[in-house]
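Everything on this sheet refers to the single structure shown next.
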Amino acid sequence: MVANGSCSVLACGSSALVATLVLLASLALCEGKAHIVVPCYNEETRLPQQVFLDFVDQAANKDVLFTFVNDGSSDGTLRVLRELAAKRPQRMSVFNLEVNGGKAEAVRKGMLHVLLSRNLTREDVVAFWDADLATPLETIPRFMRKLEENEKLEMVFGARVALLGRNIQRQFTRHYLGRVFATLASIVLNLRIYDTQCGAKMFRATEDLRDALSSPFTSGWIFDVELIARFISLRGGGEGGGHKPPCEEVIYEYPLEEWRDVAGSKLGFLSKVKALYGLGCIWFDYLSPVAAWKPVTVEPELAGRQEL
């Protein structure tokens with residue numbers, strides 16, 4: 001009896017041990033990393049280098065890695081980025097584009113490079129973040145937490161909502177012009193989105209993300225809207241495609257605690273006027289009854305090019 005009882009105890013203990021090991025293994029697999037792409041154009045004197053260094057030095061941010069994309073800068077940005085990355089080579093790298101292609105292309109190529117050159121899973125995330133840190137880096141873990149808390153979410157976008165108790169510093173005219181544009185973008189996308197243009201957006205590393213980035217954007221600085229339109233197109237035009245839920249169920253807009261206008265904006269008045277025309281083109285290309293956009297094979301050199 002004692003022997004049988006001992007065997008039973010050992011068997012139960014063994015089963016519990018196996019179950020514990022399986023649980024720990026599954027938890028380990030779920031620990032993804034955040035790959036933050038930072039597009040940089042002529043940021044030699046504006047890049048807040050010490051802020052990036054202080055952020056990666058915090059133990060709580062050990063799973064956050066930065067890829068700085070030099071977008072054919074004409075000043076000393078590339079040198080500054082190389083020097084910065086050399087200080088934390090395990091956490092920072094530089095991806096150099098010799099020809100300036102604009103922010104949209106820098107973001108697209110930088111994110112594709114990360115997706116193609118690293119063995120990422122759905123537990124990993126890829127984001128783009130404005131180099132001027134109008135959205136503080138401390139927001140990155142908050143975005144990550146949202147995705148961890150809700151497995152169904154695939155994207156988290158910053159939303160600059162000027163609520164009481166939050167520090168949203170935005171010029172009066174830019175705020176209201178932005179509200180007009182956001183309303184028009186929401187109508188074009190047929191999506192209840194508050195802020196399409198915040199420069200802080202995070203995505204799960206999925207096949208849909210790779211497909212959405214597969215070809216160059218055509219809309220200039222409103223590429224954020226075009227990117228969302230591509231996700232809608234990939235999901236059957238907003239109704240959900242097959243097993244995929246519609247975008248409104250997988251996008252979370254995070255009301256930022258802090259955001260500030262940073263001097264040195266590179267957008268002129270003409271660019272803002274062209275944006276209205278761009279919205280019409282986005283609707284026609286991706287969401288109209290005759291829309292014909294399809295993802296294409298991505299450029300293989302983005303996977304093989306060495307980071308500097």
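Residues are named by chain letter and number: chains run A, B, ... in the order of the structure tokens, numbers start at 1 in each chain, and ligands are numbered from 1 in the order shown.
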Apply DSSP to the backbone of this structure and, from stretch 81-110 of chain A, keep only the residues in strand (DSSP E or B); write these as number ranges by chain.
A: 92-97
Write a file of the just-selected residues containing all heavy atoms, as a CSV table (one decimal), in the first residue's frame.
chain,number,residue,atom,x,y,z
A,92,MET,N,20.4,48.9,-30.6
A,92,MET,CA,20.2,49.9,-31.6
A,92,MET,C,21.0,49.6,-32.9
A,92,MET,O,22.1,49.0,-32.8
A,92,MET,CB,20.7,51.3,-31.2
A,92,MET,CG,19.9,51.8,-29.9
A,92,MET,SD,20.6,53.4,-29.5
A,92,MET,CE,19.5,53.9,-28.1
A,93,SER,N,20.4,49.9,-34.0
A,93,SER,CA,21.0,49.6,-35.3
A,93,SER,C,20.6,50.7,-36.3
A,93,SER,O,19.6,51.5,-36.0
A,93,SER,CB,20.7,48.3,-35.9
A,93,SER,OG,19.3,48.1,-36.1
A,94,VAL,N,21.3,50.9,-37.4
A,94,VAL,CA,21.1,51.9,-38.4
A,94,VAL,C,20.8,51.2,-39.7
A,94,VAL,O,21.6,50.4,-40.2
A,94,VAL,CB,22.2,52.9,-38.5
A,94,VAL,CG1,21.9,54.0,-39.5
A,94,VAL,CG2,22.5,53.5,-37.1
A,95,PHE,N,19.8,51.6,-40.4
A,95,PHE,CA,19.5,51.2,-41.7
A,95,PHE,C,19.6,52.4,-42.7
A,95,PHE,O,18.8,53.3,-42.5
A,95,PHE,CB,18.1,50.6,-41.8
A,95,PHE,CG,17.7,49.9,-43.1
A,95,PHE,CD1,18.5,48.9,-43.6
A,95,PHE,CD2,16.6,50.3,-43.8
A,95,PHE,CE1,18.1,48.2,-44.8
A,95,PHE,CE2,16.2,49.7,-45.0
A,95,PHE,CZ,17.0,48.7,-45.5
A,96,ASN,N,20.5,52.3,-43.6
A,96,ASN,CA,20.8,53.5,-44.4
A,96,ASN,C,20.2,53.5,-45.8
A,96,ASN,O,20.4,52.5,-46.5
A,96,ASN,CB,22.3,53.7,-44.5
A,96,ASN,CG,22.7,55.0,-45.3
A,96,ASN,OD1,22.1,56.0,-45.0
A,96,ASN,ND2,23.6,54.9,-46.2
A,97,LEU,N,19.4,54.5,-46.1
A,97,LEU,CA,18.9,54.7,-47.5
A,97,LEU,C,19.6,55.8,-48.1
A,97,LEU,O,19.5,56.9,-47.6
A,97,LEU,CB,17.4,55.0,-47.4
A,97,LEU,CG,16.5,53.9,-46.8
A,97,LEU,CD1,15.0,54.4,-46.7
A,97,LEU,CD2,16.6,52.6,-47.5
Need the shell around stretch 61-66 of chain A: protein/DNA/RNA residues with any atom at most 9 Å away, counting only C-alpha atoms. Skip same-chain ones fewer than 6 positions apart. Format as a PyMOL selection string?
chain A and resi 31-38+52+55+85+90-94+140-141
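Of the listed residues A:Leu147, A:Leu133, A:Val107, A:Leu163, the one whose atoms come nearest to A:Trp221 is A:Val107, with distances taken using only C-alpha atoms.
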Contacts of A:Gly278 at 12 Å or less, counting only C-alpha atoms, minus same-chain residues fewer than 6 places along, as an mmCIF file with all heavy atoms, in the first residue's frame?
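The result, stored in selection_18.cif:
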data_model
loop_
_atom_site.group_PDB
_atom_site.id
_atom_site.type_symbol
_atom_site.label_atom_id
_atom_site.label_comp_id
_atom_site.auth_asym_id
_atom_site.auth_seq_id
_atom_site.Cartn_x
_atom_site.Cartn_y
_atom_site.Cartn_z
ATOM 1 N N PHE A 181 -9.318 67.229 -41.102
ATOM 2 C CA PHE A 181 -8.722 66.172 -41.910
ATOM 3 C C PHE A 181 -9.104 64.799 -41.376
ATOM 4 O O PHE A 181 -9.437 63.882 -42.142
ATOM 5 C CB PHE A 181 -7.196 66.308 -41.940
ATOM 6 C CG PHE A 181 -6.516 65.223 -42.726
ATOM 7 C CD1 PHE A 181 -6.391 65.324 -44.096
ATOM 8 C CD2 PHE A 181 -6.035 64.084 -42.093
ATOM 9 C CE1 PHE A 181 -5.797 64.312 -44.837
ATOM 10 C CE2 PHE A 181 -5.439 63.066 -42.814
ATOM 11 C CZ PHE A 181 -5.320 63.187 -44.186
ATOM 12 N N LEU A 184 -12.576 63.814 -42.416
ATOM 13 C CA LEU A 184 -12.627 63.411 -43.818
ATOM 14 C C LEU A 184 -12.006 62.024 -44.017
ATOM 15 O O LEU A 184 -12.534 61.198 -44.760
ATOM 16 C CB LEU A 184 -11.905 64.443 -44.688
ATOM 17 C CG LEU A 184 -12.544 65.837 -44.753
ATOM 18 C CD1 LEU A 184 -11.647 66.799 -45.524
ATOM 19 C CD2 LEU A 184 -13.923 65.761 -45.399
ATOM 20 N N ALA A 185 -10.880 61.781 -43.327
ATOM 21 C CA ALA A 185 -10.234 60.470 -43.439
ATOM 22 C C ALA A 185 -11.138 59.364 -42.903
ATOM 23 O O ALA A 185 -11.223 58.279 -43.479
ATOM 24 C CB ALA A 185 -8.906 60.474 -42.677
ATOM 25 N N VAL A 188 -13.714 58.641 -45.568
ATOM 26 C CA VAL A 188 -13.123 57.903 -46.682
ATOM 27 C C VAL A 188 -12.914 56.434 -46.316
ATOM 28 O O VAL A 188 -13.205 55.525 -47.110
ATOM 29 C CB VAL A 188 -11.778 58.547 -47.092
ATOM 30 C CG1 VAL A 188 -10.984 57.626 -48.012
ATOM 31 C CG2 VAL A 188 -12.029 59.885 -47.787
ATOM 32 N N PHE A 217 4.053 53.543 -51.003
ATOM 33 C CA PHE A 217 2.853 54.362 -50.843
ATOM 34 C C PHE A 217 2.858 55.462 -51.902
ATOM 35 O O PHE A 217 3.906 55.891 -52.382
ATOM 36 C CB PHE A 217 2.817 54.993 -49.450
ATOM 37 C CG PHE A 217 2.723 53.983 -48.340
ATOM 38 C CD1 PHE A 217 3.786 53.774 -47.476
ATOM 39 C CD2 PHE A 217 1.570 53.238 -48.154
ATOM 40 C CE1 PHE A 217 3.710 52.847 -46.448
ATOM 41 C CE2 PHE A 217 1.479 52.307 -47.135
ATOM 42 C CZ PHE A 217 2.548 52.108 -46.279
ATOM 43 N N THR A 218 1.676 55.933 -52.240
ATOM 44 C CA THR A 218 1.552 56.960 -53.281
ATOM 45 C C THR A 218 0.987 58.270 -52.743
ATOM 46 O O THR A 218 0.844 59.228 -53.495
ATOM 47 C CB THR A 218 0.631 56.464 -54.410
ATOM 48 O OG1 THR A 218 -0.676 56.188 -53.870
ATOM 49 C CG2 THR A 218 1.180 55.196 -55.049
ATOM 50 N N SER A 219 0.696 58.306 -51.442
ATOM 51 C CA SER A 219 -0.046 59.443 -50.883
ATOM 52 C C SER A 219 0.803 60.417 -50.081
ATOM 53 O O SER A 219 0.271 61.297 -49.401
ATOM 54 C CB SER A 219 -1.178 58.920 -49.987
ATOM 55 O OG SER A 219 -0.659 58.064 -48.982
ATOM 56 N N GLY A 220 2.120 60.265 -50.117
ATOM 57 C CA GLY A 220 2.973 61.214 -49.415
ATOM 58 C C GLY A 220 2.809 61.144 -47.909
ATOM 59 O O GLY A 220 2.783 60.062 -47.322
ATOM 60 N N TRP A 221 2.680 62.314 -47.286
ATOM 61 C CA TRP A 221 2.703 62.355 -45.819
ATOM 62 C C TRP A 221 1.440 61.795 -45.174
ATOM 63 O O TRP A 221 1.423 61.563 -43.956
ATOM 64 C CB TRP A 221 2.978 63.781 -45.324
ATOM 65 C CG TRP A 221 1.863 64.759 -45.539
ATOM 66 C CD1 TRP A 221 1.656 65.519 -46.643
ATOM 67 C CD2 TRP A 221 0.829 65.110 -44.608
ATOM 68 N NE1 TRP A 221 0.542 66.312 -46.470
ATOM 69 C CE2 TRP A 221 0.022 66.089 -45.229
ATOM 70 C CE3 TRP A 221 0.503 64.699 -43.306
ATOM 71 C CZ2 TRP A 221 -1.094 66.651 -44.604
ATOM 72 C CZ3 TRP A 221 -0.599 65.264 -42.685
ATOM 73 C CH2 TRP A 221 -1.386 66.228 -43.328
ATOM 74 N N ILE A 222 0.390 61.523 -45.946
ATOM 75 C CA ILE A 222 -0.793 60.883 -45.356
ATOM 76 C C ILE A 222 -0.767 59.362 -45.578
ATOM 77 O O ILE A 222 -1.797 58.710 -45.661
ATOM 78 C CB ILE A 222 -2.109 61.496 -45.888
ATOM 79 C CG1 ILE A 222 -2.250 61.280 -47.401
ATOM 80 C CG2 ILE A 222 -2.208 62.958 -45.544
ATOM 81 C CD1 ILE A 222 -3.656 61.616 -47.915
ATOM 82 N N PHE A 223 0.454 58.827 -45.653
ATOM 83 C CA PHE A 223 0.591 57.383 -45.874
ATOM 84 C C PHE A 223 -0.068 56.570 -44.766
ATOM 85 O O PHE A 223 -0.423 55.411 -44.978
ATOM 86 C CB PHE A 223 2.073 57.004 -45.989
ATOM 87 C CG PHE A 223 2.830 57.037 -44.683
ATOM 88 C CD1 PHE A 223 2.955 55.884 -43.914
ATOM 89 C CD2 PHE A 223 3.405 58.210 -44.220
ATOM 90 C CE1 PHE A 223 3.647 55.898 -42.712
ATOM 91 C CE2 PHE A 223 4.099 58.231 -43.019
ATOM 92 C CZ PHE A 223 4.218 57.077 -42.265
ATOM 93 N N ASP A 224 -0.227 57.164 -43.579
ATOM 94 C CA ASP A 224 -0.905 56.446 -42.492
ATOM 95 C C ASP A 224 -2.311 56.025 -42.922
ATOM 96 O O ASP A 224 -2.759 54.899 -42.652
ATOM 97 C CB ASP A 224 -1.020 57.323 -41.235
ATOM 98 C CG ASP A 224 0.282 57.967 -40.822
ATOM 99 O OD1 ASP A 224 0.789 58.799 -41.605
ATOM 100 O OD2 ASP A 224 0.768 57.673 -39.718
ATOM 101 N N VAL A 225 -3.017 56.945 -43.591
ATOM 102 C CA VAL A 225 -4.368 56.660 -44.071
ATOM 103 C C VAL A 225 -4.317 55.569 -45.131
ATOM 104 O O VAL A 225 -5.145 54.643 -45.147
ATOM 105 C CB VAL A 225 -5.039 57.927 -44.626
ATOM 106 C CG1 VAL A 225 -6.461 57.624 -45.100
ATOM 107 C CG2 VAL A 225 -5.054 59.037 -43.582
ATOM 108 N N GLU A 226 -3.340 55.668 -46.014
ATOM 109 C CA GLU A 226 -3.198 54.660 -47.070
ATOM 110 C C GLU A 226 -2.882 53.292 -46.481
ATOM 111 O O GLU A 226 -3.400 52.263 -46.949
ATOM 112 C CB GLU A 226 -2.097 55.081 -48.048
ATOM 113 C CG GLU A 226 -2.018 54.189 -49.270
ATOM 114 C CD GLU A 226 -1.014 54.705 -50.303
ATOM 115 O OE1 GLU A 226 -0.416 55.793 -50.087
ATOM 116 O OE2 GLU A 226 -0.823 54.012 -51.325
ATOM 117 N N SER A 271 1.667 70.953 -49.259
ATOM 118 C CA SER A 271 1.547 69.531 -48.923
ATOM 119 C C SER A 271 0.209 69.233 -48.270
ATOM 120 O O SER A 271 -0.405 68.190 -48.508
ATOM 121 C CB SER A 271 2.683 69.119 -47.975
ATOM 122 O OG SER A 271 3.930 69.242 -48.614
ATOM 123 N N LYS A 272 -0.255 70.148 -47.444
ATOM 124 C CA LYS A 272 -1.523 69.942 -46.750
ATOM 125 C C LYS A 272 -2.705 70.031 -47.716
ATOM 126 O O LYS A 272 -3.696 69.315 -47.557
ATOM 127 C CB LYS A 272 -1.661 70.962 -45.621
ATOM 128 C CG LYS A 272 -0.586 70.791 -44.542
ATOM 129 C CD LYS A 272 -0.631 71.881 -43.502
ATOM 130 C CE LYS A 272 0.483 71.684 -42.479
ATOM 131 N NZ LYS A 272 0.538 72.754 -41.471
ATOM 132 N N PHE A 284 -10.271 55.725 -54.119
ATOM 133 C CA PHE A 284 -10.395 55.130 -55.455
ATOM 134 C C PHE A 284 -9.519 53.874 -55.576
ATOM 135 O O PHE A 284 -9.950 52.855 -56.128
ATOM 136 C CB PHE A 284 -10.006 56.147 -56.521
ATOM 137 C CG PHE A 284 -10.172 55.637 -57.927
ATOM 138 C CD1 PHE A 284 -11.410 55.701 -58.560
ATOM 139 C CD2 PHE A 284 -9.104 55.090 -58.615
ATOM 140 C CE1 PHE A 284 -11.573 55.212 -59.855
ATOM 141 C CE2 PHE A 284 -9.249 54.602 -59.908
ATOM 142 C CZ PHE A 284 -10.497 54.667 -60.529
ATOM 143 N N ASP A 285 -8.289 53.952 -55.074
ATOM 144 C CA ASP A 285 -7.332 52.855 -55.269
ATOM 145 C C ASP A 285 -7.610 51.632 -54.398
ATOM 146 O O ASP A 285 -7.291 50.510 -54.791
ATOM 147 C CB ASP A 285 -5.912 53.347 -54.994
ATOM 148 C CG ASP A 285 -5.425 54.335 -56.048
ATOM 149 O OD1 ASP A 285 -5.997 54.352 -57.146
ATOM 150 O OD2 ASP A 285 -4.466 55.090 -55.758
#
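The list of residues with at least one atom within 10 Å of A:Asn190, based on only C-alpha atoms and without residues fewer than 4 positions apart in the same chain, reads Leu184, Ala185, Ser186, Ala229, Ile232, Gly237, Gly238, Glu248, Trp283 and Leu287 of chain A.
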Filtering to all heavy atoms, could you give me those residues as a tab-separated table (two decimals), in the first residue's frame?
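Saved to again_14.tsv:
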chain	number	residue	atom	x	y	z
A	184	LEU	N	-12.58	63.81	-42.42
A	184	LEU	CA	-12.63	63.41	-43.82
A	184	LEU	C	-12.01	62.02	-44.02
A	184	LEU	O	-12.53	61.20	-44.76
A	184	LEU	CB	-11.90	64.44	-44.69
A	184	LEU	CG	-12.54	65.84	-44.75
A	184	LEU	CD1	-11.65	66.80	-45.52
A	184	LEU	CD2	-13.92	65.76	-45.40
A	185	ALA	N	-10.88	61.78	-43.33
A	185	ALA	CA	-10.23	60.47	-43.44
A	185	ALA	C	-11.14	59.36	-42.90
A	185	ALA	O	-11.22	58.28	-43.48
A	185	ALA	CB	-8.91	60.47	-42.68
A	186	SER	N	-11.85	59.66	-41.82
A	186	SER	CA	-12.77	58.68	-41.24
A	186	SER	C	-13.89	58.34	-42.22
A	186	SER	O	-14.29	57.18	-42.35
A	186	SER	CB	-13.35	59.22	-39.94
A	186	SER	OG	-14.28	58.34	-39.38
A	229	ALA	N	-6.02	51.88	-45.16
A	229	ALA	CA	-6.86	51.46	-46.29
A	229	ALA	C	-6.40	50.11	-46.83
A	229	ALA	O	-7.22	49.28	-47.24
A	229	ALA	CB	-6.82	52.52	-47.39
A	232	ILE	N	-7.72	47.47	-44.59
A	232	ILE	CA	-9.16	47.29	-44.85
A	232	ILE	C	-9.36	46.46	-46.10
A	232	ILE	O	-10.19	45.54	-46.15
A	232	ILE	CB	-9.86	48.65	-44.96
A	232	ILE	CG1	-9.83	49.39	-43.62
A	232	ILE	CG2	-11.30	48.49	-45.44
A	232	ILE	CD1	-10.35	50.82	-43.68
A	237	GLY	N	-12.55	44.73	-47.57
A	237	GLY	CA	-13.21	46.02	-47.72
A	237	GLY	C	-13.96	46.50	-46.50
A	237	GLY	O	-14.86	47.32	-46.60
A	238	GLY	N	-13.58	46.00	-45.32
A	238	GLY	CA	-14.19	46.50	-44.10
A	238	GLY	C	-15.19	45.56	-43.47
A	238	GLY	O	-15.55	45.71	-42.31
A	248	GLU	N	-12.01	47.55	-37.50
A	248	GLU	CA	-12.49	48.22	-36.29
A	248	GLU	C	-12.39	47.33	-35.06
A	248	GLU	O	-12.44	47.82	-33.93
A	248	GLU	CB	-13.92	48.69	-36.48
A	248	GLU	CG	-14.93	47.58	-36.70
A	248	GLU	CD	-16.32	48.11	-36.97
A	248	GLU	OE1	-16.45	49.32	-37.24
A	248	GLU	OE2	-17.27	47.32	-36.90
A	283	TRP	N	-9.26	56.45	-51.58
A	283	TRP	CA	-10.57	55.79	-51.71
A	283	TRP	C	-10.68	55.06	-53.04
A	283	TRP	O	-11.11	53.91	-53.10
A	283	TRP	CB	-11.70	56.83	-51.59
A	283	TRP	CG	-13.05	56.21	-51.81
A	283	TRP	CD1	-13.81	55.54	-50.89
A	283	TRP	CD2	-13.78	56.16	-53.04
A	283	TRP	NE1	-14.98	55.08	-51.46
A	283	TRP	CE2	-14.98	55.44	-52.79
A	283	TRP	CE3	-13.55	56.66	-54.32
A	283	TRP	CZ2	-15.94	55.22	-53.78
A	283	TRP	CZ3	-14.49	56.43	-55.30
A	283	TRP	CH2	-15.69	55.72	-55.02
A	287	LEU	N	-10.66	51.35	-51.92
A	287	LEU	CA	-11.97	51.12	-51.30
A	287	LEU	C	-13.15	51.29	-52.25
A	287	LEU	O	-14.28	50.96	-51.89
A	287	LEU	CB	-12.14	52.07	-50.10
A	287	LEU	CG	-11.02	51.99	-49.05
A	287	LEU	CD1	-11.17	53.10	-48.03
A	287	LEU	CD2	-11.00	50.62	-48.38
Between atom CA of A:Gly178 and atom CA of A:Lys274 - distance in Å to one decimal:
14.3 Å
Looking at A:Val161, A:Leu112, A:Cys281, A:Ala134, which one is nearest to A:Leu209, with distances taken over only C-alpha atoms?
A:Leu112
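The protein and nucleic acid residues lying at most 10 Å from A:Arg260 are Asp132, Leu133, Ala134, Thr135, Pro136, Arg160, Asn167, Ile168, Gln169, Arg170, Gln171 and Ala263 of chain A, with only C-alpha atoms considered and sequence neighbours fewer than 3 positions away removed.
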Prev. selection, N, CA, C and O atoms, output as a compact mmCIF listing (two decimals), in the first residue's frame:
# COMPACT_ATOMS: atom_id res chain seq x y z
N ASP A 132 11.51 63.01 -33.43
CA ASP A 132 11.52 64.16 -32.51
C ASP A 132 10.91 63.83 -31.16
O ASP A 132 10.92 64.67 -30.25
N LEU A 133 10.36 62.63 -31.02
CA LEU A 133 9.76 62.16 -29.77
C LEU A 133 8.64 63.08 -29.29
O LEU A 133 8.48 63.33 -28.09
N ALA A 134 7.85 63.55 -30.26
CA ALA A 134 6.62 64.26 -29.90
C ALA A 134 5.77 63.37 -29.01
O ALA A 134 5.10 63.83 -28.08
N THR A 135 5.78 62.07 -29.30
CA THR A 135 5.21 61.06 -28.40
C THR A 135 6.36 60.48 -27.60
O THR A 135 7.27 59.88 -28.17
N PRO A 136 6.37 60.62 -26.28
CA PRO A 136 7.49 60.14 -25.46
C PRO A 136 7.70 58.64 -25.59
O PRO A 136 6.76 57.87 -25.82
N ARG A 160 -4.14 61.78 -30.24
CA ARG A 160 -3.89 63.03 -29.52
C ARG A 160 -5.21 63.68 -29.13
O ARG A 160 -5.73 64.54 -29.83
N ASN A 167 -1.49 65.99 -21.08
CA ASN A 167 -0.64 67.08 -21.53
C ASN A 167 -0.44 67.00 -23.04
O ASN A 167 0.57 66.53 -23.53
N ILE A 168 -1.45 67.46 -23.78
CA ILE A 168 -1.39 67.47 -25.24
C ILE A 168 -1.16 68.91 -25.69
O ILE A 168 -2.06 69.75 -25.63
N GLN A 169 0.06 69.19 -26.12
CA GLN A 169 0.44 70.54 -26.52
C GLN A 169 0.46 70.63 -28.04
O GLN A 169 1.39 70.17 -28.68
N ARG A 170 -0.59 71.23 -28.57
CA ARG A 170 -0.73 71.32 -30.02
C ARG A 170 -1.21 72.71 -30.41
O ARG A 170 -2.09 73.27 -29.75
N GLN A 171 -0.63 73.26 -31.47
CA GLN A 171 -1.03 74.59 -31.91
C GLN A 171 -2.51 74.61 -32.25
O GLN A 171 -3.06 73.64 -32.80
N ALA A 263 9.13 72.04 -32.90
CA ALA A 263 9.51 72.99 -33.94
C ALA A 263 10.33 72.29 -35.02
O ALA A 263 11.09 71.36 -34.75
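Residue neighbourhood of A:Ala106, excluding near-sequence residues (fewer than 2 positions): Val37, Val38, Pro39, Cys40, Tyr41, Phe68, Val69, Asn70, Asp71, Gly72, Phe95, Asn96, Leu97, Asn100, Gly101, Gly102, Lys103, Ala104, Arg108, Lys109, Gly110, Met111, Leu112 and Phe128 of chain A, at 10 Å, using only C-alpha atoms.
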